[in-house]
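Structure file my_file_5.cif (mmCIF, C-alpha atoms) is printed below.
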```cif
data_run
loop_
_atom_site.label_atom_id
_atom_site.label_comp_id
_atom_site.auth_asym_id
_atom_site.auth_seq_id
_atom_site.Cartn_x
_atom_site.Cartn_y
_atom_site.Cartn_z
CA MET A 208 0.00 0.00 0.00
CA VAL A 209 1.32 3.44 -0.97
CA HIS A 210 0.92 6.12 1.68
CA ARG A 211 0.25 9.48 0.03
CA ARG A 212 1.00 12.40 2.32
CA PRO A 213 -0.48 15.90 2.32
CA ALA A 214 1.62 19.03 2.62
CA VAL A 215 1.03 21.00 5.82
CA ALA A 216 3.42 23.82 4.85
CA ARG A 217 5.43 24.86 1.82
CA LEU A 218 8.54 22.76 1.28
CA LYS A 219 11.95 24.05 2.31
CA LEU A 220 15.42 22.54 2.49
CA GLU A 221 16.32 21.71 6.08
CA ARG A 222 19.23 19.33 5.47
CA ASN A 223 21.12 18.10 2.41
CA VAL A 224 21.68 14.45 3.37
CA PRO A 225 23.23 13.42 -0.01
CA LEU A 226 25.79 16.19 0.47
CA GLU A 227 26.67 14.81 3.89
CA GLU A 228 27.02 11.32 2.38
CA TYR A 229 29.23 12.62 -0.43
CA ARG A 230 31.53 14.45 1.96
CA ARG A 231 31.81 11.30 4.04
CA VAL A 232 32.65 8.97 1.14
CA ALA A 233 34.69 11.15 -1.25
CA PRO A 234 37.91 11.16 0.85
CA MET A 235 37.85 7.34 0.99
CA THR A 236 38.39 6.76 -2.73
CA SER A 237 40.16 8.15 -5.76
CA ARG A 238 37.28 7.06 -7.98
CA PRO A 239 34.19 9.15 -8.80
CA VAL A 240 31.45 8.96 -6.18
CA LYS A 241 27.88 8.70 -7.42
CA VAL A 242 25.21 10.37 -5.30
CA ALA A 243 21.53 9.43 -5.48
CA LEU A 244 18.47 11.68 -5.15
CA ILE A 245 14.82 10.65 -5.21
CA GLY A 246 13.35 11.97 -8.46
CA PRO A 247 10.45 14.44 -8.71
CA ASP A 248 8.19 11.79 -10.25
CA ARG A 249 8.54 9.51 -7.23
CA ILE A 250 7.89 12.41 -4.87
CA ALA A 251 4.80 13.48 -6.82
CA GLN A 252 3.39 9.96 -6.68
CA ARG A 253 3.55 10.09 -2.87
CA PHE A 254 1.92 13.54 -2.70
CA ASP A 255 -1.72 13.80 -1.57
CA TRP A 256 -2.65 16.71 -3.80
CA GLN A 257 -6.33 16.60 -2.85
CA GLY A 258 -5.48 17.02 0.82
CA SER A 259 -2.94 19.79 0.25
CA LYS A 260 -4.93 22.51 -1.50
CA ALA A 261 -4.66 24.88 1.44
CA VAL A 262 -0.88 24.89 0.84
CA TYR A 263 -0.47 24.03 -2.84
CA PRO A 264 -3.29 24.75 -5.31
CA ASP A 265 -2.15 21.98 -7.67
CA VAL A 266 0.53 19.39 -8.33
CA ASP A 267 2.46 21.74 -10.64
CA SER A 268 3.08 24.29 -7.89
CA PHE A 269 4.19 21.51 -5.54
CA LEU A 270 6.65 20.13 -8.10
CA GLU A 271 8.05 23.61 -8.74
CA ASP A 272 9.17 23.70 -5.11
CA VAL A 273 10.49 20.13 -5.30
CA VAL A 274 12.63 20.96 -8.34
CA ALA A 275 13.88 24.24 -6.86
CA ILE A 276 14.96 22.53 -3.63
CA GLN A 277 16.63 19.64 -5.43
CA ARG A 278 18.48 22.01 -7.74
CA THR A 279 19.87 23.70 -4.63
CA MET A 280 20.96 20.28 -3.35
CA ILE A 281 22.68 19.52 -6.64
CA ARG A 282 24.42 22.92 -6.69
CA GLN A 283 25.79 22.23 -3.23
CA LEU A 284 26.95 18.77 -4.31
CA VAL A 285 28.69 20.16 -7.39
CA ALA A 286 30.39 22.84 -5.29
CA ALA A 287 31.70 20.04 -3.04
CA GLY A 288 33.21 18.25 -6.06
CA CYS A 289 30.50 15.75 -7.03
CA ARG A 290 30.34 15.07 -10.76
CA TYR A 291 27.91 12.12 -10.96
CA VAL A 292 24.31 12.47 -9.80
CA HIS A 293 21.88 9.56 -9.98
CA ILE A 294 18.14 10.29 -10.02
CA ASP A 295 16.14 7.41 -8.59
CA ALA A 296 12.85 7.29 -10.51
CA PRO A 297 11.21 3.87 -10.07
CA GLY A 298 7.77 5.45 -10.38
CA TYR A 299 8.02 5.81 -14.17
CA THR A 300 7.13 2.14 -14.52
CA ALA A 301 3.71 3.02 -13.09
CA TYR A 302 2.91 4.41 -16.55
CA VAL A 303 3.14 0.92 -18.08
CA ASP A 304 1.51 -1.00 -15.21
CA GLU A 305 -2.24 -1.44 -15.57
CA PRO A 306 -3.14 -1.51 -11.82
CA SER A 307 -1.10 1.66 -11.28
CA LEU A 308 -2.78 3.37 -14.23
CA ALA A 309 -6.20 2.36 -12.90
CA ALA A 310 -5.34 3.76 -9.46
CA MET A 311 -4.41 7.13 -11.00
CA ARG A 312 -7.67 7.28 -12.91
CA ALA A 313 -9.63 6.36 -9.77
CA ARG A 314 -8.09 9.40 -8.05
CA GLY A 315 -9.26 11.61 -10.89
CA GLU A 316 -5.84 11.90 -12.48
CA ASP A 317 -4.83 11.63 -16.13
CA PRO A 318 -1.84 9.23 -16.20
CA MET A 319 -0.36 10.76 -19.32
CA GLU A 320 -0.67 14.24 -17.84
CA ASN A 321 1.21 12.95 -14.79
CA PHE A 322 3.83 11.39 -17.07
CA SER A 323 4.32 14.63 -19.02
CA ARG A 324 4.57 16.68 -15.83
CA SER A 325 7.22 14.35 -14.43
CA LEU A 326 9.26 14.41 -17.64
CA ARG A 327 9.29 18.22 -17.52
CA ALA A 328 10.28 18.25 -13.85
CA ASP A 329 13.09 15.75 -14.33
CA ALA A 330 14.40 17.68 -17.33
CA ASP A 331 14.26 21.02 -15.48
CA LEU A 332 16.01 19.49 -12.48
CA ILE A 333 19.31 18.83 -14.23
CA GLN A 334 19.61 21.76 -16.62
CA GLY A 335 22.63 24.02 -16.33
CA PHE A 336 25.21 21.80 -14.63
CA PRO A 337 28.05 21.48 -17.16
CA GLY A 338 30.58 18.76 -16.49
CA VAL A 339 28.18 16.72 -14.35
CA THR A 340 27.01 13.27 -15.46
CA PHE A 341 23.36 12.55 -14.71
CA GLY A 342 21.85 9.08 -14.64
CA ILE A 343 18.24 8.06 -14.06
CA HIS A 344 17.12 4.68 -12.74
CA LEU A 345 13.86 2.84 -13.45
CA CYS A 346 12.69 -0.41 -11.86
CA ARG A 347 9.52 -2.25 -10.88
CA GLY A 348 9.98 -2.61 -7.15
CA ASN A 349 12.71 -4.13 -5.04
CA GLN A 350 11.57 -4.60 -1.44
CA ARG A 351 12.20 -7.87 0.40
CA SER A 352 12.89 -9.68 -2.86
CA MET A 353 9.45 -8.77 -4.22
CA TRP A 354 8.24 -6.67 -7.14
CA HIS A 355 5.31 -4.27 -7.42
CA ARG A 356 4.77 -3.53 -11.10
CA GLU A 357 5.04 -5.14 -14.49
CA GLY A 358 4.94 -3.93 -18.06
CA ALA A 359 7.39 -3.35 -20.89
CA TYR A 360 8.90 0.06 -21.65
CA ASP A 361 7.33 0.20 -25.12
CA ALA A 362 4.40 2.51 -24.32
CA ILE A 363 6.59 5.26 -22.84
CA ALA A 364 9.99 4.62 -24.41
CA GLU A 365 10.02 7.24 -27.16
CA ARG A 366 9.14 10.15 -24.87
CA LEU A 367 11.12 8.78 -21.94
CA PHE A 368 14.37 8.52 -23.86
CA THR A 369 13.99 11.63 -26.00
CA ASP A 370 12.45 14.06 -23.48
CA LEU A 371 14.82 13.28 -20.61
CA PRO A 372 18.26 14.87 -21.09
CA HIS A 373 20.07 12.46 -18.76
CA ASP A 374 23.37 10.93 -19.89
CA ARG A 375 22.65 7.41 -18.65
CA PHE A 376 19.47 5.38 -18.38
CA LEU A 377 19.72 2.61 -15.78
CA LEU A 378 16.97 0.14 -16.66
CA GLU A 379 15.59 -2.95 -14.98
CA TYR A 380 15.96 -5.94 -17.30
CA ASP A 381 16.37 -8.91 -14.96
CA SER A 382 13.01 -10.57 -15.66
CA PRO A 383 10.38 -10.94 -18.40
CA ARG A 384 8.31 -8.26 -16.63
CA ALA A 385 10.49 -5.62 -18.29
CA GLY A 386 9.79 -6.82 -21.83
CA GLY A 387 12.29 -6.87 -24.68
CA PHE A 388 15.06 -4.56 -25.81
CA GLU A 389 13.18 -3.11 -28.79
CA PRO A 390 12.31 0.16 -26.93
CA LEU A 391 16.04 0.92 -26.71
CA ARG A 392 15.93 1.99 -30.35
CA PHE A 393 14.71 5.37 -29.06
CA VAL A 394 17.82 5.97 -26.92
CA PRO A 395 19.52 9.02 -28.49
CA LYS A 396 22.95 8.70 -30.03
CA GLY A 397 25.70 9.14 -27.45
CA LYS A 398 23.54 8.28 -24.44
CA VAL A 399 24.29 5.13 -22.43
CA ALA A 400 21.72 2.43 -21.66
CA VAL A 401 22.73 0.52 -18.52
CA LEU A 402 21.08 -2.89 -18.56
CA GLY A 403 20.05 -4.10 -15.11
CA LEU A 404 20.53 -7.76 -15.99
CA VAL A 405 21.74 -9.04 -12.62
CA SER A 406 18.92 -9.49 -10.13
CA THR A 407 19.18 -8.07 -6.62
CA LYS A 408 16.10 -10.02 -5.53
CA VAL A 409 17.41 -13.61 -5.65
CA PRO A 410 20.77 -15.14 -4.67
CA GLN A 411 21.11 -17.35 -7.75
CA LEU A 412 23.92 -16.14 -10.00
CA GLU A 413 23.20 -15.42 -13.64
CA SER A 414 25.53 -17.16 -16.09
CA LEU A 415 28.17 -15.20 -17.97
CA ASP A 416 27.04 -16.76 -21.24
CA GLU A 417 23.47 -15.63 -20.66
CA LEU A 418 24.59 -12.09 -19.79
CA ARG A 419 26.68 -11.93 -22.97
CA ARG A 420 23.75 -13.22 -25.03
CA ARG A 421 21.41 -10.59 -23.63
CA VAL A 422 23.89 -7.76 -24.15
CA ASP A 423 24.33 -8.93 -27.75
CA ALA A 424 20.54 -8.83 -28.15
CA ALA A 425 20.40 -5.26 -26.83
CA ALA A 426 23.26 -4.27 -29.16
CA LYS A 427 20.88 -4.70 -32.08
CA TYR A 428 19.24 -1.46 -30.95
CA VAL A 429 22.05 0.46 -29.19
CA PRO A 430 25.74 0.30 -30.17
CA LEU A 431 27.76 -1.91 -27.84
CA GLU A 432 29.94 1.04 -26.83
CA CYS A 433 26.79 2.77 -25.54
CA LEU A 434 25.68 -0.18 -23.41
CA ALA A 435 26.69 -1.20 -19.90
CA ILE A 436 25.45 -3.70 -17.33
CA SER A 437 24.62 -3.42 -13.65
CA PRO A 438 22.52 -4.97 -10.93
CA GLN A 439 18.82 -4.40 -11.58
CA CYS A 440 18.52 -2.23 -8.45
CA GLY A 441 20.19 -1.81 -5.08
CA PHE A 442 20.36 -4.61 -2.54
CA ALA A 443 18.32 -2.72 0.04
CA SER A 444 15.52 -0.41 -1.06
CA ASP A 445 14.62 -0.03 2.60
CA VAL A 446 16.34 -0.61 5.92
CA VAL A 447 15.25 -4.27 6.01
CA GLY A 448 16.96 -5.10 2.73
CA ASN A 449 16.52 -8.01 0.35
CA LEU A 450 16.84 -11.70 1.12
CA LEU A 451 20.50 -11.97 0.13
CA THR A 452 23.47 -12.38 2.41
CA GLU A 453 26.43 -10.04 2.29
CA GLU A 454 28.47 -12.76 0.57
CA GLU A 455 25.75 -13.32 -2.04
CA GLN A 456 25.66 -9.58 -2.74
CA LYS A 457 29.43 -9.55 -3.16
CA ARG A 458 29.25 -12.41 -5.67
CA LYS A 459 26.63 -10.53 -7.67
CA LEU A 460 28.87 -7.46 -7.91
CA GLU A 461 31.87 -9.60 -8.85
CA LEU A 462 29.74 -11.11 -11.61
CA VAL A 463 28.94 -7.67 -13.01
CA VAL A 464 32.65 -6.77 -13.09
CA GLU A 465 33.65 -10.06 -14.72
CA ALA A 466 30.90 -9.79 -17.33
CA ALA A 467 31.91 -6.23 -18.19
CA ARG A 468 35.52 -7.29 -18.67
CA ARG A 469 34.63 -10.17 -20.94
CA ILE A 470 32.07 -8.30 -23.04
CA TRP A 471 33.75 -4.90 -23.49
CA VAL A 472 37.49 -5.45 -23.07
#
```

Can you present the structure in this file as C-alpha cells?
Amino acid sequence: MVHRRPAVARLKLERNVPLEEYRRVAPMTSRPVKVALIGPDRIAQRFDWQGSKAVYPDVDSFLEDVVAIQRTMIRQLVAAGCRYVHIDAPGYTAYVDEPSLAAMRARGEDPMENFSRSLRADADLIQGFPGVTFGIHLCRGNQRSMWHREGAYDAIAERLFTDLPHDRFLLEYDSPRAGGFEPLRFVPKGKVAVLGLVSTKVPQLESLDELRRRVDAAAKYVPLECLAISPQCGFASDVVGNLLTEEEQKRKLELVVEAARRIWV
C-alpha cells in the first residue's frame, strides 16, 4: 500500500543528506562517487494533492518547489566536487503498469498528464550543470525480494528517452516483466543504456554466457559502446533489505565486473 501524504506547509530545504554522504565517502576513494536523489516523479506519486490545496493549489506548484529545492541540493553537491548524480525514478514504470494506471484514474488523475509533468520536472532538475554526469534509474519494485509492477517500456519509451536529457538510463531488465530490448531503439545517439541484468532479488547467479547473449541482443538497438550492465537495483531499497546475504551480494557485484571485462574489453 502506498501512503500518500499531504503538505502542511510549503517545502523548504532543512538538510542536504546526499551532500553529507558525499563528503563522508569522497575522501575514501580516488574514484568518482555517485550520489543518489529521489526523483520528482517519485515524490509526486507520494503527494496527496487533494489534501494539500490549502498549501499548494495543484501538483504543478508543488513540483516547482520540489525541483527548486533539489536544484539547490545539486548545486551544493557540485560545489563540493561531485560530478555524478543519480536520479532514482522507479515510479516511471507506473505508466506501463495497468493496476497503477487504474489507481491514477480512480483518483481523478490523467496518467499521461502525470507522465508529461514528471518528464518536464526531471528535465528542469538537471539543466545548467556542465561537467556533471546525470543518470536516471527505473525499476519495478525491489523490497524484500518482491516486485510491485510489471509492463514493458514500449508505451513510454520514445518520450522517456527523448524528453529526458540524462546521460545514462539505468533500466531494470532482470526478468520478463520488463519486456524486450526493442524500446532501446529510441535511446539518443551518445547516451548510455545501462542494462540491469543481474537481479538483486534472488541469490542465484546469472551465467556469464546468458549475460553476454542478452547484451548482444540489446546491441541490435544500441551500439555496444553505448551499453553497460549493472545490478537491476540496489540490494536494500529499505532498511530491512533483500533476502540476500552479504556474501551473495558480493558475488553478484563480482559477476557484473567479470561480465563487463569479458564483453567490453

Distance criterion (all atoms listed in the file): nearest to Ala296 in chain A out of A:Ala330, A:Ala359, A:Ile245, A:Met280: A:Ile245

Length of the CA of Arg222 in chain A to CA of Ser323 in chain A vector [Å]: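 One can read the CA of Arg222 in chain A to CA of Ser323 in chain A distance as 29.1 Å.
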
Shortest interatomic distance to Ile250 in chain A - which of A:Asn449, A:Ser414, A:Gln277, A:Ser437, counting only C-alpha atoms: A:Gln277

Picked residues, the PyMOL selection byres ((chain A and resi 221) around 12), as a PyMOL selection string: chain A and resi 218-220+222-224+276-277+279-280

10 Å contact set for Phe388 in chain A, only C-alpha atoms, chain neighbours under 5 positions out, as a compact mmCIF listing (two decimals) with C-alpha atoms, in the coordinates of the input:
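Produced file out20.txt, reproduced below:
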```
# COMPACT_ATOMS: atom_id res chain seq x y z
CA ALA A 359 7.39 -3.35 -20.89
CA TYR A 360 8.90 0.06 -21.65
CA ASP A 361 7.33 0.20 -25.12
CA TYR A 380 15.96 -5.94 -17.30
CA LEU A 402 21.08 -2.89 -18.56
CA ARG A 421 21.41 -10.59 -23.63
CA VAL A 422 23.89 -7.76 -24.15
CA ALA A 424 20.54 -8.83 -28.15
CA ALA A 425 20.40 -5.26 -26.83
CA ALA A 426 23.26 -4.27 -29.16
CA LYS A 427 20.88 -4.70 -32.08
CA TYR A 428 19.24 -1.46 -30.95
CA VAL A 429 22.05 0.46 -29.19
```

Straight-line distance linking CA of Pro247 in chain A with CA of Thr300 in chain A, stated in Å to one decimal: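 That distance, rounded to one decimal, is 14.0 Å.
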
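If you look at CA of Ser406 in chain A and CA of Asp381 in chain A, they are 5.5 Å away from each other.
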
Take the PyMOL selection byres ((chain A and resi 210) around 12), apply it to the structure above, and return the hits as a CSV table (one decimal) with C-alpha atoms, in the frame of the given file.
```
chain,number,residue,atom,x,y,z
A,208,MET,CA,0.0,0.0,0.0
A,209,VAL,CA,1.3,3.4,-1.0
A,211,ARG,CA,0.2,9.5,0.0
A,212,ARG,CA,1.0,12.4,2.3
A,213,PRO,CA,-0.5,15.9,2.3
A,250,ILE,CA,7.9,12.4,-4.9
A,251,ALA,CA,4.8,13.5,-6.8
A,252,GLN,CA,3.4,10.0,-6.7
A,253,ARG,CA,3.6,10.1,-2.9
A,254,PHE,CA,1.9,13.5,-2.7
A,255,ASP,CA,-1.7,13.8,-1.6
```

Surrounding residues of Val463 in chain A excluding itself and chain neighbours under 4 positions, 8 Å, all atoms listed in the file, as JSON, numbers by chain: {"A": [405, 436, 437, 438, 459, 467]}

So that I have them on file, write out the residues from the current selection with C-alpha atoms, as a tab-separated table (two decimals), in the frame of the given file.
```tsv
chain	number	residue	atom	x	y	z
A	405	VAL	CA	21.74	-9.04	-12.62
A	436	ILE	CA	25.45	-3.70	-17.33
A	437	SER	CA	24.62	-3.42	-13.65
A	438	PRO	CA	22.52	-4.97	-10.93
A	459	LYS	CA	26.63	-10.53	-7.67
A	467	ALA	CA	31.91	-6.23	-18.19
```

Residues matched by the PyMOL selection byres ((chain A and resi 320-322) around 10), written as number ranges by chain: A: 248, 251-252, 266-267, 298-299, 301-302, 311, 316-319, 323-328, 363, 366-367

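Of the listed residues A:Cys440, A:Val401, A:Val339, A:Leu308, the one whose atoms come nearest to Lys241 in chain A is A:Val339, with distances taken using only C-alpha atoms.
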
10 Å contact set for Cys433 in chain A, only C-alpha atoms, chain neighbours under 5 positions out, as a PyMOL selection string: chain A and resi 375+394+396-401+426
